[in-house]
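S.K.: Structure file start-v1.cif (mmCIF, N, CA and C atoms and all ligand atoms) is given on the next line.
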```cif
data_upload
#
loop_
_atom_site.label_atom_id
_atom_site.label_comp_id
_atom_site.auth_asym_id
_atom_site.auth_seq_id
_atom_site.Cartn_x
_atom_site.Cartn_y
_atom_site.Cartn_z
N MET F 1 58.37 13.08 -6.65
CA MET F 1 57.15 13.71 -7.21
C MET F 1 56.30 12.64 -7.87
N VAL F 2 55.06 12.66 -7.56
CA VAL F 2 54.15 11.66 -8.12
C VAL F 2 53.67 12.12 -9.50
N ASP F 3 53.75 11.20 -10.43
CA ASP F 3 53.25 11.49 -11.78
C ASP F 3 51.74 11.42 -11.78
N PRO F 4 51.08 12.55 -11.98
CA PRO F 4 49.61 12.56 -11.89
C PRO F 4 48.94 11.74 -12.98
N THR F 5 49.68 11.39 -14.02
CA THR F 5 49.05 10.61 -15.10
C THR F 5 49.14 9.12 -14.84
N SER F 6 49.86 8.73 -13.79
CA SER F 6 50.03 7.30 -13.53
C SER F 6 48.92 6.77 -12.65
N ASP F 7 48.40 5.59 -13.03
CA ASP F 7 47.39 4.93 -12.21
C ASP F 7 48.01 3.87 -11.31
N LEU F 8 49.30 3.68 -11.43
CA LEU F 8 49.93 2.61 -10.69
C LEU F 8 50.13 2.97 -9.23
N GLY F 9 50.23 4.28 -8.94
CA GLY F 9 50.34 4.71 -7.57
C GLY F 9 51.70 4.46 -6.96
N GLU F 10 52.67 4.10 -7.73
CA GLU F 10 54.00 3.84 -7.19
C GLU F 10 55.01 3.90 -8.32
N ASP F 11 56.27 4.08 -7.95
CA ASP F 11 57.31 4.04 -8.97
C ASP F 11 57.48 2.61 -9.45
N VAL F 12 57.52 2.45 -10.74
CA VAL F 12 57.61 1.12 -11.31
C VAL F 12 58.82 1.05 -12.23
N SER F 13 59.69 0.13 -11.94
CA SER F 13 60.84 -0.07 -12.82
C SER F 13 60.44 -1.01 -13.95
N GLU F 14 61.30 -1.10 -14.93
CA GLU F 14 60.95 -1.95 -16.07
C GLU F 14 60.86 -3.42 -15.66
N GLU F 15 61.62 -3.78 -14.62
CA GLU F 15 61.66 -5.19 -14.23
C GLU F 15 60.35 -5.67 -13.63
N ASP F 16 59.75 -4.84 -12.79
CA ASP F 16 58.52 -5.30 -12.16
C ASP F 16 57.30 -4.58 -12.69
N ALA F 17 57.45 -4.04 -13.89
CA ALA F 17 56.30 -3.41 -14.50
C ALA F 17 55.25 -4.47 -14.86
N PRO F 18 53.99 -4.11 -14.75
CA PRO F 18 52.95 -5.06 -15.17
C PRO F 18 52.98 -5.22 -16.68
N GLU F 19 52.43 -6.33 -17.15
CA GLU F 19 52.33 -6.54 -18.59
C GLU F 19 50.89 -6.37 -19.02
N CYS F 20 50.73 -5.87 -20.22
CA CYS F 20 49.39 -5.75 -20.79
C CYS F 20 48.76 -7.13 -20.86
N VAL F 21 47.56 -7.25 -20.30
CA VAL F 21 46.89 -8.54 -20.27
C VAL F 21 46.62 -9.04 -21.70
N GLN F 22 46.39 -8.12 -22.58
CA GLN F 22 45.97 -8.50 -23.93
C GLN F 22 47.16 -8.82 -24.84
N CYS F 23 48.17 -7.95 -24.87
CA CYS F 23 49.24 -8.14 -25.84
C CYS F 23 50.58 -8.48 -25.20
N GLY F 24 50.67 -8.38 -23.86
CA GLY F 24 51.88 -8.80 -23.17
C GLY F 24 52.98 -7.76 -23.13
N ASP F 25 52.74 -6.58 -23.66
CA ASP F 25 53.76 -5.55 -23.61
C ASP F 25 53.96 -5.06 -22.18
N PRO F 26 55.19 -4.83 -21.77
CA PRO F 26 55.42 -4.27 -20.44
C PRO F 26 54.90 -2.84 -20.36
N ILE F 27 54.29 -2.53 -19.23
CA ILE F 27 53.73 -1.19 -19.04
C ILE F 27 54.57 -0.46 -18.01
N VAL F 28 55.33 0.50 -18.43
CA VAL F 28 56.22 1.21 -17.52
C VAL F 28 55.70 2.61 -17.25
N ALA F 29 55.66 3.41 -18.26
CA ALA F 29 55.23 4.79 -18.07
C ALA F 29 54.26 5.21 -19.18
N GLU F 30 53.48 4.24 -19.62
CA GLU F 30 52.50 4.58 -20.66
C GLU F 30 51.47 5.52 -20.07
N THR F 31 51.32 6.67 -20.68
CA THR F 31 50.37 7.64 -20.13
C THR F 31 48.94 7.26 -20.45
N ASP F 32 48.76 6.39 -21.43
CA ASP F 32 47.39 6.04 -21.82
C ASP F 32 47.04 4.61 -21.43
N HIS F 33 47.80 4.04 -20.51
CA HIS F 33 47.48 2.67 -20.12
C HIS F 33 46.24 2.66 -19.22
N ARG F 34 45.60 1.52 -19.19
CA ARG F 34 44.36 1.40 -18.43
C ARG F 34 44.49 0.28 -17.41
N VAL F 35 43.84 0.47 -16.28
CA VAL F 35 43.82 -0.56 -15.26
C VAL F 35 42.37 -0.86 -14.92
N ARG F 36 42.06 -2.15 -14.91
CA ARG F 36 40.74 -2.56 -14.46
C ARG F 36 40.89 -3.42 -13.22
N THR F 37 40.14 -3.11 -12.20
CA THR F 37 40.21 -3.88 -10.97
C THR F 37 38.99 -4.79 -10.89
N THR F 38 39.26 -6.07 -10.72
CA THR F 38 38.17 -7.03 -10.57
C THR F 38 38.33 -7.75 -9.24
N VAL F 39 37.22 -8.23 -8.72
CA VAL F 39 37.26 -9.00 -7.48
C VAL F 39 36.63 -10.36 -7.74
N GLU F 40 37.45 -11.38 -7.56
CA GLU F 40 36.96 -12.75 -7.74
C GLU F 40 37.29 -13.56 -6.51
N ASP F 41 36.26 -14.13 -5.91
CA ASP F 41 36.46 -14.95 -4.71
C ASP F 41 37.21 -14.18 -3.62
N GLY F 42 36.91 -12.90 -3.52
CA GLY F 42 37.52 -12.10 -2.46
C GLY F 42 38.93 -11.64 -2.75
N THR F 43 39.44 -11.97 -3.92
CA THR F 43 40.79 -11.55 -4.27
C THR F 43 40.73 -10.40 -5.26
N VAL F 44 41.39 -9.31 -4.90
CA VAL F 44 41.42 -8.16 -5.79
C VAL F 44 42.49 -8.37 -6.85
N ASP F 45 42.10 -8.19 -8.10
CA ASP F 45 43.03 -8.41 -9.20
C ASP F 45 43.07 -7.17 -10.08
N HIS F 46 44.27 -6.66 -10.30
CA HIS F 46 44.42 -5.51 -11.17
C HIS F 46 44.89 -5.98 -12.54
N ARG F 47 44.14 -5.67 -13.55
CA ARG F 47 44.50 -6.05 -14.91
C ARG F 47 44.94 -4.79 -15.64
N HIS F 48 46.11 -4.88 -16.23
CA HIS F 48 46.70 -3.71 -16.88
C HIS F 48 46.62 -3.85 -18.39
N PHE F 49 46.36 -2.75 -19.03
CA PHE F 49 46.28 -2.71 -20.48
C PHE F 49 47.08 -1.52 -20.98
N CYS F 50 47.78 -1.72 -22.10
CA CYS F 50 48.65 -0.65 -22.58
C CYS F 50 47.85 0.46 -23.26
N SER F 51 46.61 0.16 -23.65
CA SER F 51 45.84 1.16 -24.37
C SER F 51 44.36 0.80 -24.34
N ASP F 52 43.54 1.74 -24.76
CA ASP F 52 42.10 1.46 -24.88
C ASP F 52 41.84 0.35 -25.86
N GLY F 53 42.67 0.27 -26.91
CA GLY F 53 42.48 -0.77 -27.93
C GLY F 53 42.59 -2.16 -27.33
N CYS F 54 43.60 -2.38 -26.52
CA CYS F 54 43.77 -3.69 -25.89
C CYS F 54 42.64 -3.96 -24.90
N LEU F 55 42.23 -2.94 -24.18
CA LEU F 55 41.13 -3.12 -23.24
C LEU F 55 39.85 -3.52 -23.98
N ASP F 56 39.59 -2.88 -25.09
CA ASP F 56 38.41 -3.21 -25.87
C ASP F 56 38.47 -4.64 -26.40
N GLU F 57 39.66 -5.05 -26.87
CA GLU F 57 39.80 -6.42 -27.37
C GLU F 57 39.57 -7.43 -26.27
N TRP F 58 40.09 -7.13 -25.08
CA TRP F 58 39.94 -8.05 -23.93
C TRP F 58 38.47 -8.17 -23.55
N ARG F 59 37.77 -7.04 -23.57
CA ARG F 59 36.34 -7.05 -23.23
C ARG F 59 35.54 -7.92 -24.18
N ASP F 60 35.97 -7.93 -25.45
CA ASP F 60 35.22 -8.66 -26.47
C ASP F 60 35.38 -10.16 -26.38
N ASP F 61 36.38 -10.62 -25.61
CA ASP F 61 36.58 -12.07 -25.49
C ASP F 61 35.38 -12.73 -24.81
ZN ZN A 1 48.41 -4.12 -25.06
#
```
Represent the structure of the file as structure tokens.

M.R.:
Amino acid sequence: MVDPTSDLGEDVSEEDAPECVQCGDPIVAETDHRVRTTVEDGTVDHRHFCSDGCLDEWRDD
């Protein structure tokens, strides 16, 4: 069953879970995590954030 609150689109174990770009916390099943997709030089990059707070801090850099 797919978790409708997940943006990862796949089952993620703790080992290969993405880390929050801002604070480095592993993101496993955070319901409020955020993903931003950027494209640089033709490469799609998914940046994961554990919360809106970290996303806001990253934006401010
Ligand atoms: Zn974070």

S.K.: Near F:Asp32, counting all atoms listed in the file, which residues have an atom at most 7 Å away, once you skip same-chain residues fewer than 3 positions from it, shown as a count of residues only?

M.R.: 5

S.K.: Neighbours of F:Pro18 within 8 Å (only C-alpha atoms; same-chain residues fewer than 2 positions away dropped), as a list in words?

M.R.: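 Final neighbour list, sorted by chain and number: Asp16, Cys20, Pro26, Ile27, Val28 and His48 of chain F.
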
S.K.: Have a look at F:Thr43, F:Cys23, F:Leu55, F:Ala17 and name the one nearest to ligand ZN 1 (chain A); count only C-alpha atoms and all ligand atoms.

M.R.: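 Looking at the shortest contact to ligand ZN 1 (chain A), the residue is F:Cys23.
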
S.K.: Ranking F:Asp25, F:Asp45, F:Glu57, F:Glu40 by minimum distance to ligand ZN 1 (chain A) and counting only C-alpha atoms and all ligand atoms, which one comes first?

M.R.: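 Closest to ligand ZN 1 (chain A) of all the choices is F:Asp25.
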
S.K.: Quote the spacing between atom N of F:Val39 and atom CA of F:Asp56 in Å to one decimal place.

M.R.: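 Taking atom N of F:Val39 as the start and atom CA of F:Asp56 as the end point, the length is 17.9 Å.
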
S.K.: So how many Å separate atom C of F:Gln22 and atom ZN of ligand ZN 1 (chain A), to one decimal?

M.R.: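 For atom C of F:Gln22 relative to atom ZN of ligand ZN 1 (chain A), the distance reads 4.9 Å.
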
S.K.: If I take atom CA of F:Thr31 and atom CA of F:Arg47, how far is one from the other in Å, to one decimal?

M.R.: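 Atom CA of F:Arg47 lies at a distance of 15.8 Å from atom CA of F:Thr31.
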
S.K.: Go through F:Trp58, F:Gly24, F:Gly42, F:Val35 one by one, measure the shortest atom-to-atom distance of each to ligand ZN 1 (chain A) using only C-alpha atoms and all ligand atoms, and give the residue with the smallest value.

M.R.: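 The answer is F:Gly24, which sits nearest to ligand ZN 1 (chain A).
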